[in-house]
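Working notes, beginning with the structure itself.
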Amino acid sequence: MNDLEPSPAKPAQHRRSRSLILLLGLAAAAIAGGFIARGFAPPPSQSPSVPARPIVQIVRQSSLPSIAPTIDRLCPSIARIVMAGQPTASSTSNAAGKVGFVVSADGWLVTSAPVPSNSNLQAIFGDGRKAPVDDIRSDPVSGLVILHVDAQGLSPLTFADQNFARVGDFGFSLQTSGTGCAASESMVGSDFLVDALAQGVYVRLQPSVSTPPPGVPFLGGDGIVLGVASGAIDNVVLPGPIAAVIVEELIRNDLSPIANFGFRAIDFTPELANRIGEQRSRGAGVALVERNSAAEKS
């Protein structure tokens, strides 16, 4: 009789098998239902297209070169020539004085502004120093004037040698009120050949907000004097190589005899010959002619 009784473990195993089969069936039904629902679902609504966000590219560029150290170095050599005893030179008008700059360590300054020789003058430099003017010399052809001051430790500016500033060259000018220097950037916009004027060799700065006063140095980025503002014509700059020769004669107090005839000569360099399209590259040429002189009339 005991052999005919079922084992008690078999019903439990049957129950577990049925549960497992049921769970598998439910899972299969759920997966099938998902596929069916997806097939009958309406297509998603088309949203307005949104442009993709552009990729921002950042390119590192070297910054423009600063000439602040150059200006700091040159500023003590820039001066304003005023009447002795004038308390300040804060204004940049002509009434506040004439602009000049140091051209020799022993105290010579140059300007192209008319300076009366019988005036009691003093120079106020960019670092605030003051020195009396004790000698004045001038060249009638170029209009350059040199003034000697009783001062020590002056650092002269250097003139460009031989090469003339070219159209397209950039530079800057410096002025002072005695409490630092103001700089103004300019570009050479034309020259005597572009302007079709043969009475002198010069370069002309591009039109700017204001014309630099006579005597203001036009400098390259390295601090070399490319020219001196003449004041005769707006924005006209007397080239540094020409000014250097005249300043040297004035300092020696030995003007060239040709200045008595109302003109100035210059060495005919290959650079100048190339600029005017001349085959010859040696000799001398007329660089400046004094206004209303016999040379100009002839």
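Please note that chains go A, B, ... in the order of the structure tokens, that every chain numbers its residues from 1, and that ligands are numbered from 1 in the order shown.
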Query raised in the report: Contacts of Val99 (chain A) at 7 Å or less, counting only C-alpha atoms, minus same-chain residues fewer than 6 places along, as a count of residues only?
Result: 8
Query - Contacts of Arg280 (chain A) within 9 Å, only C-alpha atoms, excl. fewer than 6 positions in-chain, as a ChimeraX atom specification - result: /A:268,270,273
Per residue of region 188-254 of chain A within 9 Å of region 136-151 of chain A, what are the shortest atom pair and its distance in Å to one decimal, counting only C-alpha atoms, with rows by chain and residue number, as a Markdown table?
```
| residue | atom | partner | partner_atom | distance |
| --- | --- | --- | --- | --- |
| A:Gly215 | CA | A:Leu144 | CA | 8.1 |
| A:Ser230 | CA | A:Gly143 | CA | 7.6 |
| A:Ala232 | CA | A:Gly143 | CA | 8.8 |
| A:Leu238 | CA | A:Ser142 | CA | 8.3 |
| A:Ala243 | CA | A:Leu144 | CA | 7.8 |
| A:Ile246 | CA | A:Asp139 | CA | 7.6 |
| A:Val247 | CA | A:Ile146 | CA | 7.3 |
| A:Leu250 | CA | A:Arg137 | CA | 6.6 |
| A:Ile251 | CA | A:Ile146 | CA | 7.6 |
| A:Asn253 | CA | A:Arg137 | CA | 7.9 |
```
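As for CA of Leu74 (chain A) and CA of Ile242 (chain A), they are spaced 21.2 Å apart.
If only C-alpha atoms are the atoms counted, then among A:Ala284, A:Ala160, A:Ser293, A:Asp72 the closest residue to Asp267 (chain A) is A:Ala284.
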Report task. Taking the DSSP assignment computed from this structure's backbone, write out as a PyMOL selection string all residues of region 98-295 of chain A that belong to strand (DSSP E). Result -> chain A and resi 98-102+108-111+121-125+130-138+145-149+170-176+181-191+203-205+217-219+225-229+236-239+263-267+284-289
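The gap separating CA of Phe125 (chain A) from CA of Gln162 (chain A) is 28.6 Å, in Å to one decimal.
The residue that comes closest to Gly100 (chain A), out of A:Ile224, A:Val236, A:Leu193, A:Ala229 and on the basis of only C-alpha atoms, is A:Ala229.
Nearest-residue note for Pro69 (chain A): choosing from A:Glu248, A:Gly221, A:Ala84, A:Ala182, the minimum distance belongs to A:Gly221, counting only C-alpha atoms.
Distance-wise, CA of Val167 (chain A) and CA of Val245 (chain A) end up 22.5 Å apart.
When only C-alpha atoms are used to compute distances to Ala183 (chain A), the closest of the residues A:Val103, A:Leu205, A:Leu219, A:Val82 turns out to be A:Leu219.
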Query raised in the report: So which one's closest to Val228 (chain A), A:Val194, A:Met187, A:Ala244, A:Leu121? Using only C-alpha atoms, please.
Result: A:Ala244
Query raised in the report: Could you pull out the alpha helix (DSSP H) residues of region 72-283 of chain A from DSSP and send them as a ChimeraX atom specification?
Result: /A:72-74,240-252,270-276
Please, could you write that set of residues out with N, CA, C and O atoms as a JSON list (two decimals), in the first residue's frame?
```json
[["chain", "number", "residue", "atom", "x", "y", "z"],
["A", 72, "ASP", "N", 58.62, 104.98, -22.87],
["A", 72, "ASP", "CA", 59.19, 105.29, -21.56],
["A", 72, "ASP", "C", 60.66, 105.70, -21.68],
["A", 72, "ASP", "O", 61.13, 106.59, -20.97],
["A", 73, "ARG", "N", 61.36, 105.05, -22.59],
["A", 73, "ARG", "CA", 62.79, 105.34, -22.76],
["A", 73, "ARG", "C", 63.01, 106.69, -23.44],
["A", 73, "ARG", "O", 63.94, 107.42, -23.10],
["A", 74, "LEU", "N", 62.16, 107.03, -24.41],
["A", 74, "LEU", "CA", 62.35, 108.25, -25.19],
["A", 74, "LEU", "C", 61.79, 109.50, -24.54],
["A", 74, "LEU", "O", 62.26, 110.61, -24.80],
["A", 240, "GLY", "N", 64.53, 111.95, -41.85],
["A", 240, "GLY", "CA", 65.60, 111.90, -40.87],
["A", 240, "GLY", "C", 66.99, 112.04, -41.44],
["A", 240, "GLY", "O", 67.82, 112.78, -40.88],
["A", 241, "PRO", "N", 67.33, 111.35, -42.56],
["A", 241, "PRO", "CA", 68.69, 111.49, -43.10],
["A", 241, "PRO", "C", 69.05, 112.92, -43.48],
["A", 241, "PRO", "O", 70.20, 113.33, -43.34],
["A", 242, "ILE", "N", 68.08, 113.69, -44.01],
["A", 242, "ILE", "CA", 68.35, 115.08, -44.36],
["A", 242, "ILE", "C", 68.49, 115.92, -43.10],
["A", 242, "ILE", "O", 69.42, 116.74, -42.97],
["A", 243, "ALA", "N", 67.58, 115.73, -42.15],
["A", 243, "ALA", "CA", 67.64, 116.49, -40.91],
["A", 243, "ALA", "C", 68.95, 116.24, -40.17],
["A", 243, "ALA", "O", 69.54, 117.15, -39.58],
["A", 244, "ALA", "N", 69.44, 114.99, -40.20],
["A", 244, "ALA", "CA", 70.67, 114.64, -39.47],
["A", 244, "ALA", "C", 71.85, 115.44, -39.98],
["A", 244, "ALA", "O", 72.69, 115.93, -39.20],
["A", 245, "VAL", "N", 71.97, 115.60, -41.31],
["A", 245, "VAL", "CA", 73.09, 116.34, -41.90],
["A", 245, "VAL", "C", 73.03, 117.81, -41.48],
["A", 245, "VAL", "O", 74.05, 118.41, -41.09],
["A", 246, "ILE", "N", 71.84, 118.40, -41.53],
["A", 246, "ILE", "CA", 71.70, 119.82, -41.19],
["A", 246, "ILE", "C", 71.97, 120.05, -39.70],
["A", 246, "ILE", "O", 72.64, 121.01, -39.32],
["A", 247, "VAL", "N", 71.43, 119.15, -38.85],
["A", 247, "VAL", "CA", 71.65, 119.28, -37.41],
["A", 247, "VAL", "C", 73.14, 119.19, -37.09],
["A", 247, "VAL", "O", 73.66, 119.95, -36.26],
["A", 248, "GLU", "N", 73.84, 118.29, -37.74],
["A", 248, "GLU", "CA", 75.28, 118.16, -37.49],
["A", 248, "GLU", "C", 76.01, 119.44, -37.87],
["A", 248, "GLU", "O", 76.93, 119.88, -37.15],
["A", 249, "GLU", "N", 75.63, 120.06, -38.98],
["A", 249, "GLU", "CA", 76.26, 121.33, -39.38],
["A", 249, "GLU", "C", 75.96, 122.42, -38.36],
["A", 249, "GLU", "O", 76.85, 123.22, -38.02],
["A", 250, "LEU", "N", 74.73, 122.46, -37.88],
["A", 250, "LEU", "CA", 74.36, 123.49, -36.91],
["A", 250, "LEU", "C", 75.12, 123.32, -35.60],
["A", 250, "LEU", "O", 75.55, 124.31, -34.98],
["A", 251, "ILE", "N", 75.28, 122.10, -35.15],
["A", 251, "ILE", "CA", 76.01, 121.86, -33.91],
["A", 251, "ILE", "C", 77.47, 122.28, -34.07],
["A", 251, "ILE", "O", 78.07, 122.88, -33.16],
["A", 252, "ARG", "N", 78.06, 122.01, -35.23],
["A", 252, "ARG", "CA", 79.44, 122.43, -35.48],
["A", 252, "ARG", "C", 79.53, 123.93, -35.74],
["A", 252, "ARG", "O", 80.61, 124.49, -35.80],
["A", 270, "PRO", "N", 71.50, 105.00, -53.65],
["A", 270, "PRO", "CA", 70.73, 104.03, -54.46],
["A", 270, "PRO", "C", 69.26, 103.98, -54.07],
["A", 270, "PRO", "O", 68.40, 103.79, -54.93],
["A", 271, "GLU", "N", 68.96, 104.14, -52.76],
["A", 271, "GLU", "CA", 67.56, 104.11, -52.32],
["A", 271, "GLU", "C", 66.76, 105.25, -52.94],
["A", 271, "GLU", "O", 65.64, 105.07, -53.42],
["A", 272, "LEU", "N", 67.37, 106.45, -52.93],
["A", 272, "LEU", "CA", 66.68, 107.60, -53.51],
["A", 272, "LEU", "C", 66.59, 107.46, -55.03],
["A", 272, "LEU", "O", 65.55, 107.79, -55.61],
["A", 273, "ALA", "N", 67.64, 106.96, -55.65],
["A", 273, "ALA", "CA", 67.61, 106.76, -57.10],
["A", 273, "ALA", "C", 66.53, 105.76, -57.49],
["A", 273, "ALA", "O", 65.80, 105.96, -58.47],
["A", 274, "ASN", "N", 66.39, 104.70, -56.71],
["A", 274, "ASN", "CA", 65.37, 103.70, -57.00],
["A", 274, "ASN", "C", 63.97, 104.29, -56.83],
["A", 274, "ASN", "O", 63.06, 103.95, -57.59],
["A", 275, "ARG", "N", 63.81, 105.19, -55.84],
["A", 275, "ARG", "CA", 62.48, 105.77, -55.61],
["A", 275, "ARG", "C", 62.03, 106.63, -56.77],
["A", 275, "ARG", "O", 60.85, 106.64, -57.14],
["A", 276, "ILE", "N", 62.96, 107.38, -57.39],
["A", 276, "ILE", "CA", 62.57, 108.27, -58.48],
["A", 276, "ILE", "C", 62.81, 107.65, -59.85],
["A", 276, "ILE", "O", 62.57, 108.29, -60.87]]
```
Query - Close residues, Glu296 (chain A) itself excluded, 10 Å, only C-alpha atoms, min 3 positions apart in chain, as JSON, numbers by chain - result: {"A": [199, 261, 262, 263, 288, 289, 290, 291, 292, 293]}
Please write the residues from the selection above to a file, keeping N, CA and C atoms, as a PDB file, in the first residue's frame.
```
ATOM      1  N   GLN A 199      59.993 120.459 -55.394  1.00  0.00           N
ATOM      2  CA  GLN A 199      60.751 121.492 -54.686  1.00  0.00           C
ATOM      3  C   GLN A 199      61.412 120.986 -53.414  1.00  0.00           C
ATOM      4  N   PHE A 261      72.733 130.087 -50.898  1.00  0.00           N
ATOM      5  CA  PHE A 261      72.090 130.227 -52.204  1.00  0.00           C
ATOM      6  C   PHE A 261      70.622 129.788 -52.169  1.00  0.00           C
ATOM      7  N   GLY A 262      70.159 129.340 -51.007  1.00  0.00           N
ATOM      8  CA  GLY A 262      68.743 129.028 -50.870  1.00  0.00           C
ATOM      9  C   GLY A 262      68.356 127.600 -51.191  1.00  0.00           C
ATOM     10  N   PHE A 263      69.295 126.677 -51.156  1.00  0.00           N
ATOM     11  CA  PHE A 263      68.917 125.281 -51.375  1.00  0.00           C
ATOM     12  C   PHE A 263      69.837 124.373 -50.560  1.00  0.00           C
ATOM     13  N   LEU A 288      66.262 120.346 -50.775  1.00  0.00           N
ATOM     14  CA  LEU A 288      65.388 121.384 -50.241  1.00  0.00           C
ATOM     15  C   LEU A 288      65.675 122.696 -50.947  1.00  0.00           C
ATOM     16  N   VAL A 289      64.619 123.487 -51.093  1.00  0.00           N
ATOM     17  CA  VAL A 289      64.763 124.822 -51.676  1.00  0.00           C
ATOM     18  C   VAL A 289      64.066 125.801 -50.744  1.00  0.00           C
ATOM     19  N   GLU A 290      64.784 126.872 -50.391  1.00  0.00           N
ATOM     20  CA  GLU A 290      64.216 127.870 -49.491  1.00  0.00           C
ATOM     21  C   GLU A 290      63.129 128.652 -50.207  1.00  0.00           C
ATOM     22  N   ARG A 291      62.038 128.895 -49.524  1.00  0.00           N
ATOM     23  CA  ARG A 291      60.928 129.643 -50.102  1.00  0.00           C
ATOM     24  C   ARG A 291      61.332 131.099 -50.362  1.00  0.00           C
ATOM     25  N   ASN A 292      60.866 131.582 -51.515  1.00  0.00           N
ATOM     26  CA  ASN A 292      61.084 132.976 -51.926  1.00  0.00           C
ATOM     27  C   ASN A 292      62.566 133.311 -52.081  1.00  0.00           C
ATOM     28  N   SER A 293      63.376 132.304 -52.275  1.00  0.00           N
ATOM     29  CA  SER A 293      64.798 132.534 -52.487  1.00  0.00           C
ATOM     30  C   SER A 293      65.104 132.612 -53.968  1.00  0.00           C
TER      31      SER A 293
END
```
